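Input: a single structure, listed below in structure tokens.
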Amino acid sequence: ALDSDEKLLISDEALNRITTLTRDGQFVRKWGEQGDKDGQMDHPSGLALDDAGHIFVADTMNHRIQKFTPEGELVLKWGTHGSAEGELDMPWGMAIDDESYVYVADWRNDRIQKFTPEGEFISVLGQRGSGTGQFNRPAGVCTDDDGDIYVADTGNNRVQQFSPEGQYVDEFIGDATLSKSARTYMMSN
């Protein structure tokens, strides 16, 4: 993700940290460590930035979302392991729309969850399956300027588009080419 200063933020799943680089690749800062305490991470994956520069991180193996300042200070966290509304099971991709709502690809629960910037649950989109509006391990989510929601439905080899209200609009189908490690990970989980 690019911040307002056009610095690149990278979530490093293997090293359990966030790294910031300039656009030309110069190191700026890194923060984070492995663990399950406040501010620690276990396989951070997706991240998203709000208009104030806060960094929202999908803390995948801790089954939560954490919100940090640009310098890496914890502001807020939410989520526990589970499948009820507001609970997460390996959150992966994230997006923040123009109204500051946070969308989380709840990978192992095969759904997208929508939250306020304070972590309050608003709604859920999708369920497990291969039909219209269903997901098989959604890995990414993004929104466009019109508020439409796009979901990378990895296990079904497609991207699905939804209206801002969560109504199915269209799908884009293709043959996904996954690396050997990604195929192994998909099969084991």
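FYI, nothing fancy with the structure tokens labels: chains A, B, ... in order, residues from 1 per chain, ligands from 1 as they appear.
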
Q: Find the residues around Met41 (chain A) up to 7 Å (only C-alpha atoms counted), leave out those fewer than 6 positions away in its own chain, and share them as a PyMOL selection string.
A: chain A and resi 16+32-35+59

Writer output for current selection, C-alpha atoms, as a CSV table (one decimal), in the first residue's frame:
chain,number,residue,atom,x,y,z
A,16,ASN,CA,5.9,-10.8,11.3
A,32,GLY,CA,6.4,-5.5,14.6
A,33,GLU,CA,7.4,-8.8,16.1
A,34,GLN,CA,6.0,-12.3,16.3
A,35,GLY,CA,3.4,-13.0,19.1
A,59,ASP,CA,-3.1,-10.3,11.7

Q: Determine which residues of region 12-146 of chain A receive a DSSP assignment of strand (DSSP E or B), computed from the backbone, and state them as number ranges by chain.
A: A: 12, 17-21, 27-31, 34, 41, 44-49, 55-59, 64-68, 74-78, 81, 88, 91-96, 102-106, 111-115, 121-125, 128, 135, 138-143

Could you give me, as CSV, every region 8-113 of chain A residue with an atom at most 10 Å from region 155-176 of chain A, plus its closest atom pair and distance in Å to one decimal, counting only C-alpha atoms, rows ordered by chain then number?
residue,atom,partner,partner_atom,distance
A:Asp97,CA,A:Pro164,CA,9.7
A:Asp110,CA,A:Gly155,CA,9.7
A:Ile112,CA,A:Gly166,CA,10.0

Q.
Neighbouring residues of Gln66 (chain A) were defined as those with any atom within 10 Å, considering only C-alpha atoms; residues of the same chain fewer than 6 positions away were excluded. Please report them as a list in words.
A.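 Using only C-alpha atoms, the neighbours found are Asp38, Gly39, Gln40, Met41, Pro44, Leu47, Ile55, Phe56, Val57, Ala58, Asp59, Leu74, Val75, Leu76, Lys77, Trp78, Gly79 and Gly119 of chain A.
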
Selected residues written out with N, CA and C atoms, as a PDB file, in the first residue's frame:
ATOM      1  N   ASP A  38      -0.779  -7.494  22.412  1.00  0.00           N
ATOM      2  CA  ASP A  38      -1.135  -6.262  21.719  1.00  0.00           C
ATOM      3  C   ASP A  38       0.049  -5.731  20.920  1.00  0.00           C
ATOM      4  N   GLY A  39      -0.185  -5.435  19.660  1.00  0.00           N
ATOM      5  CA  GLY A  39       0.853  -4.883  18.795  1.00  0.00           C
ATOM      6  C   GLY A  39       1.753  -5.920  18.142  1.00  0.00           C
ATOM      7  N   GLN A  40       1.776  -7.139  18.662  1.00  0.00           N
ATOM      8  CA  GLN A  40       2.538  -8.203  18.025  1.00  0.00           C
ATOM      9  C   GLN A  40       1.698  -8.812  16.913  1.00  0.00           C
ATOM     10  N   MET A  41       2.337  -9.561  16.008  1.00  0.00           N
ATOM     11  CA  MET A  41       1.634 -10.143  14.869  1.00  0.00           C
ATOM     12  C   MET A  41       2.070 -11.586  14.646  1.00  0.00           C
ATOM     13  N   PRO A  44       1.165 -11.478   9.481  1.00  0.00           N
ATOM     14  CA  PRO A  44       0.347 -10.391   8.955  1.00  0.00           C
ATOM     15  C   PRO A  44       0.249 -10.500   7.441  1.00  0.00           C
ATOM     16  N   LEU A  47      -3.080  -5.300   4.335  1.00  0.00           N
ATOM     17  CA  LEU A  47      -3.092  -4.050   5.072  1.00  0.00           C
ATOM     18  C   LEU A  47      -3.802  -2.995   4.250  1.00  0.00           C
ATOM     19  N   ILE A  55      -2.738   2.536   9.798  1.00  0.00           N
ATOM     20  CA  ILE A  55      -2.481   1.301   9.076  1.00  0.00           C
ATOM     21  C   ILE A  55      -3.282   0.185   9.732  1.00  0.00           C
ATOM     22  N   PHE A  56      -4.185  -0.413   8.974  1.00  0.00           N
ATOM     23  CA  PHE A  56      -4.981  -1.542   9.434  1.00  0.00           C
ATOM     24  C   PHE A  56      -4.311  -2.811   8.911  1.00  0.00           C
ATOM     25  N   VAL A  57      -4.032  -3.753   9.802  1.00  0.00           N
ATOM     26  CA  VAL A  57      -3.305  -4.969   9.435  1.00  0.00           C
ATOM     27  C   VAL A  57      -4.163  -6.191   9.729  1.00  0.00           C
ATOM     28  N   ALA A  58      -4.279  -7.074   8.745  1.00  0.00           N
ATOM     29  CA  ALA A  58      -4.918  -8.375   8.960  1.00  0.00           C
ATOM     30  C   ALA A  58      -3.873  -9.274   9.628  1.00  0.00           C
ATOM     31  N   ASP A  59      -4.024  -9.469  10.915  1.00  0.00           N
ATOM     32  CA  ASP A  59      -3.124 -10.284  11.723  1.00  0.00           C
ATOM     33  C   ASP A  59      -3.641 -11.720  11.629  1.00  0.00           C
ATOM     34  N   LEU A  74       0.226   0.849  18.349  1.00  0.00           N
ATOM     35  CA  LEU A  74      -1.107   0.258  18.329  1.00  0.00           C
ATOM     36  C   LEU A  74      -2.147   1.270  18.796  1.00  0.00           C
ATOM     37  N   VAL A  75      -3.228   1.393  18.022  1.00  0.00           N
ATOM     38  CA  VAL A  75      -4.333   2.276  18.356  1.00  0.00           C
ATOM     39  C   VAL A  75      -5.544   1.467  18.798  1.00  0.00           C
ATOM     40  N   LEU A  76      -5.778   0.338  18.105  1.00  0.00           N
ATOM     41  CA  LEU A  76      -7.013  -0.419  18.309  1.00  0.00           C
ATOM     42  C   LEU A  76      -6.822  -1.825  17.764  1.00  0.00           C
ATOM     43  N   LYS A  77      -7.545  -2.772  18.314  1.00  0.00           N
ATOM     44  CA  LYS A  77      -7.569  -4.132  17.763  1.00  0.00           C
ATOM     45  C   LYS A  77      -8.970  -4.693  17.935  1.00  0.00           C
ATOM     46  N   TRP A  78      -9.349  -5.600  17.031  1.00  0.00           N
ATOM     47  CA  TRP A  78     -10.632  -6.276  17.187  1.00  0.00           C
ATOM     48  C   TRP A  78     -10.584  -7.628  16.492  1.00  0.00           C
ATOM     49  N   GLY A  79     -11.508  -8.484  16.927  1.00  0.00           N
ATOM     50  CA  GLY A  79     -11.640  -9.814  16.347  1.00  0.00           C
ATOM     51  C   GLY A  79     -11.129 -10.895  17.271  1.00  0.00           C
ATOM     52  N   GLY A 119     -13.997  -0.948  14.463  1.00  0.00           N
ATOM     53  CA  GLY A 119     -14.090  -2.389  14.605  1.00  0.00           C
ATOM     54  C   GLY A 119     -15.463  -2.931  14.927  1.00  0.00           C
TER      55      GLY A 119
END

Sort by chain and increasing residue number a table of all residues of region 80-180 of chain A within 12 Å of region 1-12 of chain A, each with its closest pair of atoms and their distance in Å to one decimal, counting only C-alpha atoms, and write it as JSON lines.
{"residue": "A:Trp92", "atom": "CA", "partner": "A:Ser11", "partner_atom": "CA", "distance": 11.2}
{"residue": "A:Gly93", "atom": "CA", "partner": "A:Ser11", "partner_atom": "CA", "distance": 11.1}
{"residue": "A:Met94", "atom": "CA", "partner": "A:Ala1", "partner_atom": "CA", "distance": 10.7}
{"residue": "A:Ala95", "atom": "CA", "partner": "A:Ala1", "partner_atom": "CA", "distance": 10.3}
{"residue": "A:Ile96", "atom": "CA", "partner": "A:Ala1", "partner_atom": "CA", "distance": 11.6}

Q: Go ahead and compute the interatomic distance for CA of Thr60 (chain A) and CA of Ala14 (chain A), in Å to one decimal.
A: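 Taking CA of Thr60 (chain A) as the start and CA of Ala14 (chain A) as the end point, the length is 11.8 Å.
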
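Nearest to Gly129 (chain A) of all the residues A:Trp31, A:Asp153, A:Ala84, A:Thr143 is A:Asp153, based on only C-alpha atoms.
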
Q: Go ahead and compute the interatomic distance for CA of Ala152 (chain A) and CA of Asn136 (chain A), in Å to one decimal.
A: 9.6 Å
